[in-house]
Every structure is written in structure tokens, then in C-alpha cells.
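So this block is my_file-v5.csv, CSV, C-alpha atoms:
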```
chain,number,residue,atom,x,y,z
A,1,MET,CA,-8.3,38.5,13.7
A,2,LYS,CA,-10.3,40.6,11.2
A,3,LEU,CA,-12.9,39.4,8.7
A,4,TYR,CA,-13.8,41.4,5.7
A,5,VAL,CA,-17.3,40.7,4.4
A,6,TYR,CA,-20.5,41.9,2.7
A,7,ASP,CA,-23.5,41.4,4.9
A,8,HIS,CA,-25.5,39.8,2.1
A,9,CYS,CA,-22.8,37.5,0.8
A,10,PRO,CA,-23.6,33.8,1.6
A,11,PHE,CA,-19.9,32.9,1.4
A,12,CYS,CA,-19.2,35.5,4.0
A,13,VAL,CA,-21.9,34.1,6.2
A,14,ARG,CA,-20.1,30.8,6.1
A,15,ALA,CA,-17.0,32.4,7.5
A,16,ARG,CA,-18.9,34.4,10.1
A,17,MET,CA,-20.7,31.2,11.3
A,18,ILE,CA,-17.5,29.4,12.4
A,19,PHE,CA,-16.6,32.3,14.7
A,20,GLY,CA,-20.0,32.4,16.2
A,21,LEU,CA,-20.3,28.6,16.6
A,22,LYS,CA,-17.0,28.5,18.4
A,23,ASN,CA,-17.6,31.7,20.4
A,24,LEU,CA,-14.4,33.2,19.0
A,25,PRO,CA,-13.8,37.0,18.8
A,26,VAL,CA,-13.3,38.5,15.4
A,27,GLU,CA,-13.4,42.1,14.1
A,28,LEU,CA,-16.1,42.2,11.4
A,29,VAL,CA,-15.4,44.8,8.6
A,30,VAL,CA,-18.2,45.3,6.1
A,31,LEU,CA,-16.7,46.7,2.8
A,32,ALA,CA,-18.6,49.0,0.5
A,33,ASN,CA,-19.7,46.9,-2.5
A,34,ASP,CA,-17.7,49.1,-4.9
A,35,ASP,CA,-14.5,49.1,-2.8
A,36,GLU,CA,-12.1,47.2,-5.1
A,37,ALA,CA,-8.9,48.6,-3.6
A,38,THR,CA,-9.2,47.0,-0.2
A,39,PRO,CA,-9.6,43.3,-1.3
A,40,ILE,CA,-7.2,43.7,-4.2
A,41,GLY,CA,-4.6,45.1,-1.8
A,42,LEU,CA,-5.1,42.2,0.6
A,43,VAL,CA,-5.3,39.2,-1.7
A,44,GLY,CA,-4.8,40.5,-5.3
A,45,LYS,CA,-8.4,40.4,-6.4
A,46,LYS,CA,-11.9,41.6,-5.5
A,47,VAL,CA,-13.3,38.8,-3.4
A,48,VAL,CA,-14.9,38.4,0.0
A,49,PRO,CA,-14.7,37.0,2.6
A,50,ILE,CA,-11.1,37.7,3.5
A,51,LEU,CA,-9.6,36.7,6.9
A,52,VAL,CA,-6.6,38.7,8.2
A,53,LYS,CA,-5.0,36.2,10.5
A,54,GLU,CA,-3.1,37.0,13.8
A,55,ASP,CA,0.2,37.1,11.9
A,56,GLY,CA,-1.1,39.7,9.5
A,57,THR,CA,-1.4,37.4,6.5
A,58,ALA,CA,-4.7,37.4,4.5
A,59,MET,CA,-6.7,34.3,3.6
A,60,PRO,CA,-9.6,34.3,1.0
A,61,GLU,CA,-12.1,31.5,0.2
A,62,SER,CA,-14.9,30.8,2.7
A,63,LEU,CA,-14.4,27.1,3.3
A,64,ASP,CA,-10.7,27.6,3.6
A,65,ILE,CA,-11.4,30.1,6.4
A,66,VAL,CA,-13.9,27.8,8.0
A,67,HIS,CA,-11.5,24.8,8.0
A,68,TYR,CA,-8.6,27.0,9.3
A,69,VAL,CA,-10.6,28.4,12.2
A,70,ASP,CA,-12.1,25.0,13.1
A,71,GLU,CA,-8.8,23.2,13.0
A,72,TYR,CA,-6.6,25.7,14.9
A,73,PHE,CA,-8.8,27.4,17.4
A,74,GLY,CA,-10.2,25.2,20.2
A,75,GLU,CA,-11.7,21.8,19.7
A,76,LYS,CA,-12.8,20.9,16.2
A,77,ILE,CA,-16.6,21.0,16.0
A,78,LEU,CA,-17.5,20.4,12.4
A,79,SER,CA,-18.1,17.0,10.7
A,80,GLU,CA,-17.0,17.0,7.0
A,81,HIS,CA,-20.0,14.8,6.1
A,82,VAL,CA,-22.5,16.3,3.6
A,83,ARG,CA,-25.4,14.1,2.5
A,84,PRO,CA,-26.0,13.7,-1.3
A,85,GLU,CA,-29.6,14.8,-0.7
A,86,ILE,CA,-28.4,18.1,0.8
A,87,GLU,CA,-26.1,18.7,-2.2
A,88,THR,CA,-29.0,18.0,-4.6
A,89,TRP,CA,-31.3,20.3,-2.6
A,90,LEU,CA,-28.7,23.1,-2.6
A,91,LYS,CA,-28.0,22.8,-6.3
A,92,GLU,CA,-31.7,23.0,-7.1
A,93,VAL,CA,-32.5,26.0,-4.9
A,94,GLY,CA,-29.2,27.7,-5.8
A,95,SER,CA,-30.3,27.7,-9.4
A,96,TYR,CA,-33.0,30.3,-8.8
A,97,TYR,CA,-33.0,31.7,-5.3
A,98,GLY,CA,-30.9,34.7,-6.3
A,99,HIS,CA,-33.9,35.9,-8.4
A,100,LEU,CA,-35.7,36.3,-5.0
A,101,THR,CA,-32.9,37.8,-3.0
A,102,THR,CA,-30.5,39.8,-5.1
A,103,ALA,CA,-32.8,42.7,-6.1
A,104,ARG,CA,-33.9,43.0,-2.5
A,105,PHE,CA,-30.4,43.4,-0.9
A,106,THR,CA,-30.1,47.0,-2.0
A,107,GLN,CA,-33.5,47.8,-0.4
A,108,ILE,CA,-32.9,46.6,3.2
A,109,GLY,CA,-30.4,49.0,4.6
A,110,LEU,CA,-27.2,47.0,4.5
A,111,ALA,CA,-23.8,48.6,5.2
A,112,GLU,CA,-22.3,47.6,1.9
A,113,PHE,CA,-24.9,49.7,0.1
A,114,GLU,CA,-24.8,52.9,2.0
A,115,THR,CA,-23.7,54.9,-1.0
A,116,GLN,CA,-25.4,55.2,-4.3
A,117,SER,CA,-22.2,54.4,-6.1
A,118,ALA,CA,-22.1,51.0,-4.3
A,119,VAL,CA,-25.8,50.3,-5.2
A,120,ASP,CA,-25.1,51.2,-8.9
A,121,TYR,CA,-22.0,49.0,-8.9
A,122,PHE,CA,-23.8,46.0,-7.5
A,123,THR,CA,-26.9,46.6,-9.8
A,124,LYS,CA,-24.8,46.7,-12.9
A,125,LYS,CA,-22.8,43.6,-12.0
A,126,LYS,CA,-25.8,41.5,-10.9
A,127,THR,CA,-28.1,42.5,-13.8
A,128,GLU,CA,-25.7,40.8,-16.1
A,129,PHE,CA,-26.6,37.5,-14.3
A,130,ILE,CA,-30.2,37.7,-13.2
A,131,GLY,CA,-31.6,40.4,-15.5
A,132,ASP,CA,-33.5,43.5,-14.6
A,133,PHE,CA,-34.1,43.9,-10.8
A,134,ALA,CA,-37.7,45.1,-11.2
A,135,GLU,CA,-38.5,42.2,-13.4
A,136,ASN,CA,-37.1,39.8,-10.8
A,137,ILE,CA,-39.3,41.4,-8.1
A,138,ALA,CA,-42.3,41.2,-10.3
A,139,LYS,CA,-41.8,37.4,-10.7
A,140,THR,CA,-41.7,36.9,-6.9
A,141,GLU,CA,-44.8,34.8,-6.7
A,142,THR,CA,-43.5,32.4,-9.4
A,143,TYR,CA,-40.3,31.8,-7.6
A,144,LEU,CA,-42.0,31.5,-4.2
A,145,ALA,CA,-44.2,28.7,-5.6
A,146,ARG,CA,-41.1,26.8,-6.7
A,147,LEU,CA,-39.4,27.5,-3.4
A,148,LYS,CA,-42.4,26.2,-1.4
A,149,GLY,CA,-41.9,22.6,-2.7
A,150,ASP,CA,-38.2,22.8,-2.1
A,151,LEU,CA,-38.6,23.9,1.5
A,152,GLU,CA,-40.9,21.0,2.1
A,153,LYS,CA,-38.3,18.7,0.7
A,154,LEU,CA,-35.7,20.2,3.2
A,155,THR,CA,-38.1,19.5,6.1
A,156,VAL,CA,-37.6,15.8,5.9
A,157,LEU,CA,-33.8,16.2,5.9
A,158,ILE,CA,-33.6,18.2,9.1
A,159,GLN,CA,-32.7,15.9,12.0
A,160,SER,CA,-32.3,18.6,14.6
A,161,GLU,CA,-33.0,22.3,15.0
A,162,ASN,CA,-29.4,22.7,16.1
A,163,ALA,CA,-27.8,20.9,13.2
A,164,LEU,CA,-29.2,19.5,9.9
A,165,ASN,CA,-27.8,16.0,10.2
A,166,GLY,CA,-27.9,15.9,14.0
A,167,GLN,CA,-24.4,17.2,14.6
A,168,LEU,CA,-22.7,20.4,13.4
A,169,SER,CA,-21.2,19.8,10.0
A,170,LEU,CA,-20.4,21.4,6.6
A,171,GLU,CA,-24.1,20.9,5.8
A,172,ASP,CA,-24.9,23.7,8.2
A,173,ILE,CA,-22.1,25.9,6.8
A,174,ILE,CA,-23.4,25.6,3.2
A,175,VAL,CA,-27.2,25.5,3.8
A,176,PHE,CA,-27.8,28.1,6.5
A,177,PRO,CA,-26.4,31.0,4.5
A,178,VAL,CA,-28.9,30.3,1.7
A,179,LEU,CA,-31.9,30.1,4.2
A,180,ARG,CA,-30.7,33.2,6.0
A,181,ASN,CA,-30.7,35.3,2.9
A,182,LEU,CA,-34.1,34.1,2.0
A,183,THR,CA,-35.4,35.8,5.1
A,184,CYS,CA,-35.2,39.1,3.2
A,185,VAL,CA,-38.2,38.0,1.2
A,186,LYS,CA,-41.3,39.2,3.0
A,187,ASP,CA,-43.9,36.6,1.8
A,188,ILE,CA,-42.0,33.4,2.3
A,189,GLU,CA,-43.8,30.9,4.5
A,190,PHE,CA,-41.2,28.7,6.1
A,191,PRO,CA,-42.3,25.2,7.2
A,192,PRO,CA,-42.1,25.0,11.1
A,193,ALA,CA,-39.1,22.7,11.1
A,194,VAL,CA,-37.2,24.9,8.7
A,195,LEU,CA,-38.1,28.1,10.6
A,196,ALA,CA,-37.0,26.5,13.9
A,197,TYR,CA,-33.7,25.5,12.3
A,198,ILE,CA,-33.1,29.0,10.8
A,199,THR,CA,-33.9,30.7,14.1
A,200,ASN,CA,-31.8,28.4,16.2
A,201,MET,CA,-28.8,28.4,13.8
A,202,ALA,CA,-28.9,32.2,13.7
A,203,LYS,CA,-28.5,32.3,17.5
A,204,LEU,CA,-25.8,29.7,17.6
A,205,SER,CA,-23.7,31.3,14.8
A,206,ASP,CA,-24.4,34.9,15.8
A,207,VAL,CA,-25.6,35.8,12.3
A,208,PRO,CA,-28.7,37.9,12.4
A,209,LEU,CA,-31.7,37.2,10.2
A,210,TYR,CA,-33.5,39.7,7.9
A,211,PHE,CA,-37.1,39.1,9.0
A,212,ASP,CA,-37.3,42.7,10.4
A,213,LYS,CA,-36.0,44.1,7.1
A,214,ALA,CA,-37.9,41.9,4.7
A,215,VAL,CA,-39.4,43.4,1.6
```

As a first step, turn the structure in this file into C-alpha cells.
Amino acid sequence: MKLYVYDHCPFCVRARMIFGLKNLPVELVVLANDDEATPIGLVGKKVVPILVKEDGTAMPESLDIVHYVDEYFGEKILSEHVRPEIETWLKEVGSYYGHLTTARFTQIGLAEFETQSAVDYFTKKKTEFIGDFAENIAKTETYLARLKGDLEKLTVLIQSENALNGQLSLEDIIVFPVLRNLTCVKDIEFPPAVLAYITNMAKLSDVPLYFDKAV
């Protein structure tokens, strides 16, 4: 199977995780961010992730891919349970964490931004949502102060460094990608329990972190 992704995309990380967690081989293809032709040719619109299955058909939508792989390849490993507290936490952090991460993605040497045209394409699109990249970077301390409290709230929800609620579930699939992307921010201080979870889940899912690239 072949999985088309952007490295920075949290929805792509979801799809990558299920292959890593189940130790399944998959060919990972990182698209240039301004490549519209490939995804449109596969599924009719510019989206990622896209899984090209063994029969050659293409499947978009991250959670559809996760459910498909978990259901049909080996023993099912994911619980569907997501605690309301996790949903609340994710909604809160999701409302602002892009202001910390988005402007940094073009600065850390990711494959989807190897060309200036890809950087320009991404910058134009994302500026419409989060505003000027430089202004976002300038407000890093403000967002970090807000994040600090939310990371402390997450600490009490972590039941195991191998799985948020004690067994692998959709909680891990939706929360880890957000935490992983935050590792591109140099000055974040992760509480010990959160750091242990991030580090362990990165190994289990075979999705590298950004600590060595952080800016």
C-alpha cells in the first residue's frame, strides 16, 4: 500500500500511526505542498492523507484510513472510546496551537517545502487563517503561557505512557499528532508525564518527533 502525506499534517500523522502501531509496511510518499495534480488525480480534490490500497483504489480521510487498516489487517488494536475530557482538551488546544506551529513548519526542513513555490503556496493559504507568520512567531510567549496550563490539564488524563486511557484507542490517534507537531516549538516545556507519552508513542507508532529541528 502507498500513503500520500505531508509530514506536518496532523491528519496524515493519524494515518501513519496505525501502520506503525500494527507494524505494517506502507510506502510513504510526501507530496510537495503545492502539488494539486496528484491528489486531485487520485480522489478528485486536494486533500491528504490518501491511501492507495492493494487493489489500486484510493481512500482519503484520516479516520477512515485508520479504521480500514485496523479492521482488515491483523488483530484490531484500537478501542473506539474517547473520553469527553479528551475531546474538551483537544477542542481548547486546537483553537490556538496552529499559531505556534504553522509558521514554523516552513523553517524546519520538511520535504513538502523543498521548493520556494511550495513555501509560497502554503504561506498564502495559511495566512488567510492565522494571519501574518512573523506576527504569530512574535506572539510565541503568549501562546506558550496558555499552552502551559493546558499541558498540565492533560497530565491528569494520561493513564499510561503507552496509551492515554490505558489501552490504545482513538484518543491516541487524535491527540498524539497535536502533541507531536508542538515539538517543533523550541521553548515548550512539556510536563514529565506528557513528555514520556510523546516519546513513547513516537516510538510505538514510528512517527519521528521534531525536537531536533525545533525553532

task: Can you work out the spacing between CA of Tyr210 (chain A) and CA of Val29 (chain A) in Å, to one decimal?
output: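 Interatomic distance here is 18.8 Å.
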
query: Near Leu147 (chain A), within 9 Å and counting all atoms listed in the file, which residues show up once chain neighbours fewer than 5 positions away are dropped, as a ChimeraX atom specification?
result: /A:93,96-97,142,152,188

task: Write out as a list in words which residues come within 12 Å of region 127-133 of chain A when counting only C-alpha atoms, dropping same-chain ones fewer than 2 positions away.
output: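 Those residues are Ser95, Tyr96, Tyr97, Gly98, His99, Leu100, Thr101, Thr102, Ala103, Arg104, Phe105, Thr106, Gln107, Val119, Asp120, Tyr121, Phe122, Thr123, Lys124, Lys125, Glu135, Asn136, Ile137, Ala138, Lys139 and Thr140 of chain A.
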
Sorted by chain and rising residue number, which residues of region 59-166 of chain A lie within 12 Å of region 191-197 of chain A, and what are their closest atom pairs and distances in Å to one decimal, counting only C-alpha atoms, as JSON lines?
```
{"residue": "A:Leu147", "atom": "CA", "partner": "A:Pro191", "partner_atom": "CA", "distance": 11.2}
{"residue": "A:Lys148", "atom": "CA", "partner": "A:Pro191", "partner_atom": "CA", "distance": 8.7}
{"residue": "A:Gly149", "atom": "CA", "partner": "A:Pro191", "partner_atom": "CA", "distance": 10.2}
{"residue": "A:Asp150", "atom": "CA", "partner": "A:Pro191", "partner_atom": "CA", "distance": 10.4}
{"residue": "A:Leu151", "atom": "CA", "partner": "A:Pro191", "partner_atom": "CA", "distance": 6.9}
{"residue": "A:Glu152", "atom": "CA", "partner": "A:Pro191", "partner_atom": "CA", "distance": 6.8}
{"residue": "A:Lys153", "atom": "CA", "partner": "A:Pro191", "partner_atom": "CA", "distance": 10.0}
{"residue": "A:Leu154", "atom": "CA", "partner": "A:Val194", "partner_atom": "CA", "distance": 7.4}
{"residue": "A:Thr155", "atom": "CA", "partner": "A:Ala193", "partner_atom": "CA", "distance": 6.0}
{"residue": "A:Val156", "atom": "CA", "partner": "A:Ala193", "partner_atom": "CA", "distance": 8.8}
{"residue": "A:Leu157", "atom": "CA", "partner": "A:Val194", "partner_atom": "CA", "distance": 9.8}
{"residue": "A:Ile158", "atom": "CA", "partner": "A:Ala193", "partner_atom": "CA", "distance": 7.4}
{"residue": "A:Gln159", "atom": "CA", "partner": "A:Ala193", "partner_atom": "CA", "distance": 9.4}
{"residue": "A:Ser160", "atom": "CA", "partner": "A:Tyr197", "partner_atom": "CA", "distance": 7.4}
{"residue": "A:Glu161", "atom": "CA", "partner": "A:Tyr197", "partner_atom": "CA", "distance": 4.2}
{"residue": "A:Asn162", "atom": "CA", "partner": "A:Tyr197", "partner_atom": "CA", "distance": 6.4}
{"residue": "A:Ala163", "atom": "CA", "partner": "A:Tyr197", "partner_atom": "CA", "distance": 7.5}
{"residue": "A:Leu164", "atom": "CA", "partner": "A:Tyr197", "partner_atom": "CA", "distance": 7.9}
{"residue": "A:Asn165", "atom": "CA", "partner": "A:Tyr197", "partner_atom": "CA", "distance": 11.4}
{"residue": "A:Gly166", "atom": "CA", "partner": "A:Tyr197", "partner_atom": "CA", "distance": 11.3}
```

Residues from the last selection, C-alpha atoms, saved as a compact mmCIF listing (two decimals), in the frame of the given file:
```txt
# COMPACT_ATOMS: atom_id res chain seq x y z
CA LEU A 147 -39.40 27.50 -3.40
CA LYS A 148 -42.40 26.20 -1.40
CA GLY A 149 -41.90 22.60 -2.70
CA ASP A 150 -38.20 22.80 -2.10
CA LEU A 151 -38.60 23.90 1.50
CA GLU A 152 -40.90 21.00 2.10
CA LYS A 153 -38.30 18.70 0.70
CA LEU A 154 -35.70 20.20 3.20
CA THR A 155 -38.10 19.50 6.10
CA VAL A 156 -37.60 15.80 5.90
CA LEU A 157 -33.80 16.20 5.90
CA ILE A 158 -33.60 18.20 9.10
CA GLN A 159 -32.70 15.90 12.00
CA SER A 160 -32.30 18.60 14.60
CA GLU A 161 -33.00 22.30 15.00
CA ASN A 162 -29.40 22.70 16.10
CA ALA A 163 -27.80 20.90 13.20
CA LEU A 164 -29.20 19.50 9.90
CA ASN A 165 -27.80 16.00 10.20
CA GLY A 166 -27.90 15.90 14.00
```

- request: List the neighbours of region 167-174 of chain A out to 7 Å using all atoms listed in the file; skip same-chain residues closer than 5 positions along the sequence, and give me the result as a list of chain:residue names.
  value: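 Close residues of region 167-174 of chain A: A:Arg14, A:Ile77, A:Leu78, A:Ser79, A:Glu80, A:His81, A:Val82.
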
message: If I take CA of Ala32 (chain A) and CA of Val48 (chain A), how far is one from the other in Å, to one decimal?
response: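 If I compute the distance from CA of Ala32 (chain A) to CA of Val48 (chain A), I get 11.2 Å.
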
field: Nearest candidate to Leu31 (chain A) (options A:Ile65, A:Ile18, A:Ile86, A:Ala118; using only C-alpha atoms)
entry: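 Selected residue with least distance to Leu31 (chain A): A:Ala118.
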
query: So what do you get for CA of Val207 (chain A) versus CA of Arg180 (chain A), distance-wise?
result: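 Value for the CA of Val207 (chain A)-CA of Arg180 (chain A) distance: 8.5 Å.
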
- request: Write out as a PyMOL selection string each polymer residue whose atoms come within 7 Å of Tyr6 (chain A), counting all atoms listed in the file; drop sequence neighbours fewer than 2 positions from it.
  value: chain A and resi 8-9+12+30-31+112

message: Counting only C-alpha atoms, I want the residues whose atoms come within 6 Å of (-16.1, 31.9, 1.0) in the file frame, returned as a list of chain:residue names.
response: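 Checked against the point, the hits come out as A:Phe11, A:Cys12, A:Pro49, A:Glu61, A:Ser62, A:Leu63.
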
Residue among A:Lys126, A:Lys91, A:Arg16, A:Lys76 lying closest to Leu51 (chain A), counting all atoms listed in the file: A:Arg16

- request: Write out as a PyMOL selection string each polymer residue whose atoms come within 9 Å of Lys46 (chain A), counting only C-alpha atoms; drop sequence neighbours fewer than 3 positions from it.
  value: chain A and resi 35-41+43

field: Residue among A:Asp34, A:Phe190, A:Ala214, A:Thr88 lying closest to Ser117 (chain A), counting all atoms listed in the file
entry: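 Smallest distance to Ser117 (chain A) is found for A:Asp34.
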
- line: From the list A:Glu114, A:Asp70, A:Glu75, A:Glu54, the nearest residue to Glu27 (chain A) using only C-alpha atoms is A:Glu54

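Here the question is which of A:Asn181, A:Tyr143, A:Asp187, A:Pro60 gets nearest to Leu209 (chain A) using only C-alpha atoms, and that residue is A:Asn181.
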
- prompt: Pick the closest to Leu182 (chain A) from A:Leu42, A:Ile198, A:Val5, A:Leu204: which is it, counting only C-alpha atoms?
  reply: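 Looking only at the distances to Leu182 (chain A), the closest residue turns out to be A:Ile198.
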
Could I get region 166-177 of chain A from the block written as a PDB file, in the first residue's frame, with all heavy atoms?
```
ATOM      1  N   GLY A 166      -4.970   4.034  28.945  1.00  0.00           N
ATOM      2  CA  GLY A 166      -4.526   2.733  29.450  1.00  0.00           C
ATOM      3  C   GLY A 166      -4.477   1.647  28.407  1.00  0.00           C
ATOM      4  O   GLY A 166      -3.792   0.641  28.579  1.00  0.00           O
ATOM      5  N   GLN A 167      -5.226   1.820  27.303  1.00  0.00           N
ATOM      6  CA  GLN A 167      -5.134   0.907  26.164  1.00  0.00           C
ATOM      7  C   GLN A 167      -5.235   1.730  24.895  1.00  0.00           C
ATOM      8  O   GLN A 167      -5.857   2.799  24.889  1.00  0.00           O
ATOM      9  CB  GLN A 167      -6.247  -0.140  26.200  1.00  0.00           C
ATOM     10  CG  GLN A 167      -7.655   0.417  26.085  1.00  0.00           C
ATOM     11  CD  GLN A 167      -8.708  -0.657  25.952  1.00  0.00           C
ATOM     12  OE1 GLN A 167      -8.402  -1.822  25.721  1.00  0.00           O
ATOM     13  NE2 GLN A 167      -9.968  -0.282  26.087  1.00  0.00           N
ATOM     14  N   LEU A 168      -4.608   1.267  23.837  1.00  0.00           N
ATOM     15  CA  LEU A 168      -4.624   2.021  22.586  1.00  0.00           C
ATOM     16  C   LEU A 168      -6.055   2.298  22.139  1.00  0.00           C
ATOM     17  O   LEU A 168      -6.909   1.407  22.173  1.00  0.00           O
ATOM     18  CB  LEU A 168      -3.879   1.245  21.490  1.00  0.00           C
ATOM     19  CG  LEU A 168      -2.366   1.154  21.630  1.00  0.00           C
ATOM     20  CD1 LEU A 168      -1.794   0.201  20.587  1.00  0.00           C
ATOM     21  CD2 LEU A 168      -1.723   2.531  21.502  1.00  0.00           C
ATOM     22  N   SER A 169      -6.294   3.536  21.739  1.00  0.00           N
ATOM     23  CA  SER A 169      -7.641   3.933  21.362  1.00  0.00           C
ATOM     24  C   SER A 169      -7.586   5.110  20.399  1.00  0.00           C
ATOM     25  O   SER A 169      -6.506   5.636  20.078  1.00  0.00           O
ATOM     26  CB  SER A 169      -8.447   4.332  22.597  1.00  0.00           C
ATOM     27  OG  SER A 169      -7.970   5.563  23.103  1.00  0.00           O
ATOM     28  N   LEU A 170      -8.754   5.547  19.976  1.00  0.00           N
ATOM     29  CA  LEU A 170      -8.838   6.728  19.122  1.00  0.00           C
ATOM     30  C   LEU A 170      -8.315   7.975  19.837  1.00  0.00           C
ATOM     31  O   LEU A 170      -7.930   8.941  19.178  1.00  0.00           O
ATOM     32  CB  LEU A 170     -10.274   6.947  18.653  1.00  0.00           C
ATOM     33  CG  LEU A 170     -10.790   5.981  17.589  1.00  0.00           C
ATOM     34  CD1 LEU A 170     -12.207   6.371  17.176  1.00  0.00           C
ATOM     35  CD2 LEU A 170      -9.877   5.977  16.357  1.00  0.00           C
ATOM     36  N   GLU A 171      -8.293   7.954  21.168  1.00  0.00           N
ATOM     37  CA  GLU A 171      -7.696   9.077  21.894  1.00  0.00           C
ATOM     38  C   GLU A 171      -6.254   9.304  21.441  1.00  0.00           C
ATOM     39  O   GLU A 171      -5.837  10.434  21.199  1.00  0.00           O
ATOM     40  CB  GLU A 171      -7.720   8.819  23.402  1.00  0.00           C
ATOM     41  CG  GLU A 171      -9.092   8.923  24.025  1.00  0.00           C
ATOM     42  CD  GLU A 171      -9.047   8.921  25.535  1.00  0.00           C
ATOM     43  OE1 GLU A 171      -7.945   8.843  26.125  1.00  0.00           O
ATOM     44  OE2 GLU A 171     -10.127   9.003  26.133  1.00  0.00           O
ATOM     45  N   ASP A 172      -5.500   8.228  21.334  1.00  0.00           N
ATOM     46  CA  ASP A 172      -4.110   8.344  20.906  1.00  0.00           C
ATOM     47  C   ASP A 172      -4.010   8.841  19.474  1.00  0.00           C
ATOM     48  O   ASP A 172      -3.140   9.660  19.140  1.00  0.00           O
ATOM     49  CB  ASP A 172      -3.404   6.993  21.048  1.00  0.00           C
ATOM     50  CG  ASP A 172      -3.452   6.474  22.470  1.00  0.00           C
ATOM     51  OD1 ASP A 172      -2.856   7.113  23.355  1.00  0.00           O
ATOM     52  OD2 ASP A 172      -4.114   5.449  22.706  1.00  0.00           O
ATOM     53  N   ILE A 173      -4.903   8.362  18.628  1.00  0.00           N
ATOM     54  CA  ILE A 173      -4.875   8.719  17.215  1.00  0.00           C
ATOM     55  C   ILE A 173      -5.158  10.205  17.008  1.00  0.00           C
ATOM     56  O   ILE A 173      -4.612  10.825  16.085  1.00  0.00           O
ATOM     57  CB  ILE A 173      -5.901   7.871  16.425  1.00  0.00           C
ATOM     58  CG1 ILE A 173      -5.520   6.374  16.484  1.00  0.00           C
ATOM     59  CG2 ILE A 173      -6.007   8.335  14.976  1.00  0.00           C
ATOM     60  CD1 ILE A 173      -4.204   6.021  15.827  1.00  0.00           C
ATOM     61  N   ILE A 174      -5.998  10.797  17.852  1.00  0.00           N
ATOM     62  CA  ILE A 174      -6.348  12.201  17.649  1.00  0.00           C
ATOM     63  C   ILE A 174      -5.506  13.174  18.488  1.00  0.00           C
ATOM     64  O   ILE A 174      -5.346  14.340  18.101  1.00  0.00           O
ATOM     65  CB  ILE A 174      -7.848  12.462  17.905  1.00  0.00           C
ATOM     66  CG1 ILE A 174      -8.246  12.146  19.344  1.00  0.00           C
ATOM     67  CG2 ILE A 174      -8.701  11.666  16.925  1.00  0.00           C
ATOM     68  CD1 ILE A 174      -9.720  12.450  19.658  1.00  0.00           C
ATOM     69  N   VAL A 175      -4.933  12.712  19.595  1.00  0.00           N
ATOM     70  CA  VAL A 175      -4.174  13.614  20.462  1.00  0.00           C
ATOM     71  C   VAL A 175      -2.683  13.624  20.136  1.00  0.00           C
ATOM     72  O   VAL A 175      -2.054  14.697  20.097  1.00  0.00           O
ATOM     73  CB  VAL A 175      -4.390  13.260  21.953  1.00  0.00           C
ATOM     74  CG1 VAL A 175      -3.452  14.076  22.847  1.00  0.00           C
ATOM     75  CG2 VAL A 175      -5.833  13.522  22.351  1.00  0.00           C
ATOM     76  N   PHE A 176      -2.092  12.466  19.900  1.00  0.00           N
ATOM     77  CA  PHE A 176      -0.650  12.423  19.643  1.00  0.00           C
ATOM     78  C   PHE A 176      -0.223  13.326  18.487  1.00  0.00           C
ATOM     79  O   PHE A 176       0.804  14.014  18.601  1.00  0.00           O
ATOM     80  CB  PHE A 176      -0.169  10.986  19.403  1.00  0.00           C
ATOM     81  CG  PHE A 176       1.263  10.922  18.935  1.00  0.00           C
ATOM     82  CD1 PHE A 176       2.310  11.165  19.817  1.00  0.00           C
ATOM     83  CD2 PHE A 176       1.567  10.653  17.609  1.00  0.00           C
ATOM     84  CE1 PHE A 176       3.636  11.128  19.383  1.00  0.00           C
ATOM     85  CE2 PHE A 176       2.880  10.615  17.163  1.00  0.00           C
ATOM     86  CZ  PHE A 176       3.922  10.855  18.058  1.00  0.00           C
ATOM     87  N   PRO A 177      -0.948  13.372  17.354  1.00  0.00           N
ATOM     88  CA  PRO A 177      -0.498  14.245  16.259  1.00  0.00           C
ATOM     89  C   PRO A 177      -0.374  15.713  16.656  1.00  0.00           C
ATOM     90  O   PRO A 177       0.519  16.418  16.178  1.00  0.00           O
ATOM     91  CB  PRO A 177      -1.581  14.047  15.190  1.00  0.00           C
ATOM     92  CG  PRO A 177      -2.088  12.664  15.436  1.00  0.00           C
ATOM     93  CD  PRO A 177      -2.092  12.534  16.930  1.00  0.00           C
TER      94      PRO A 177
END
```
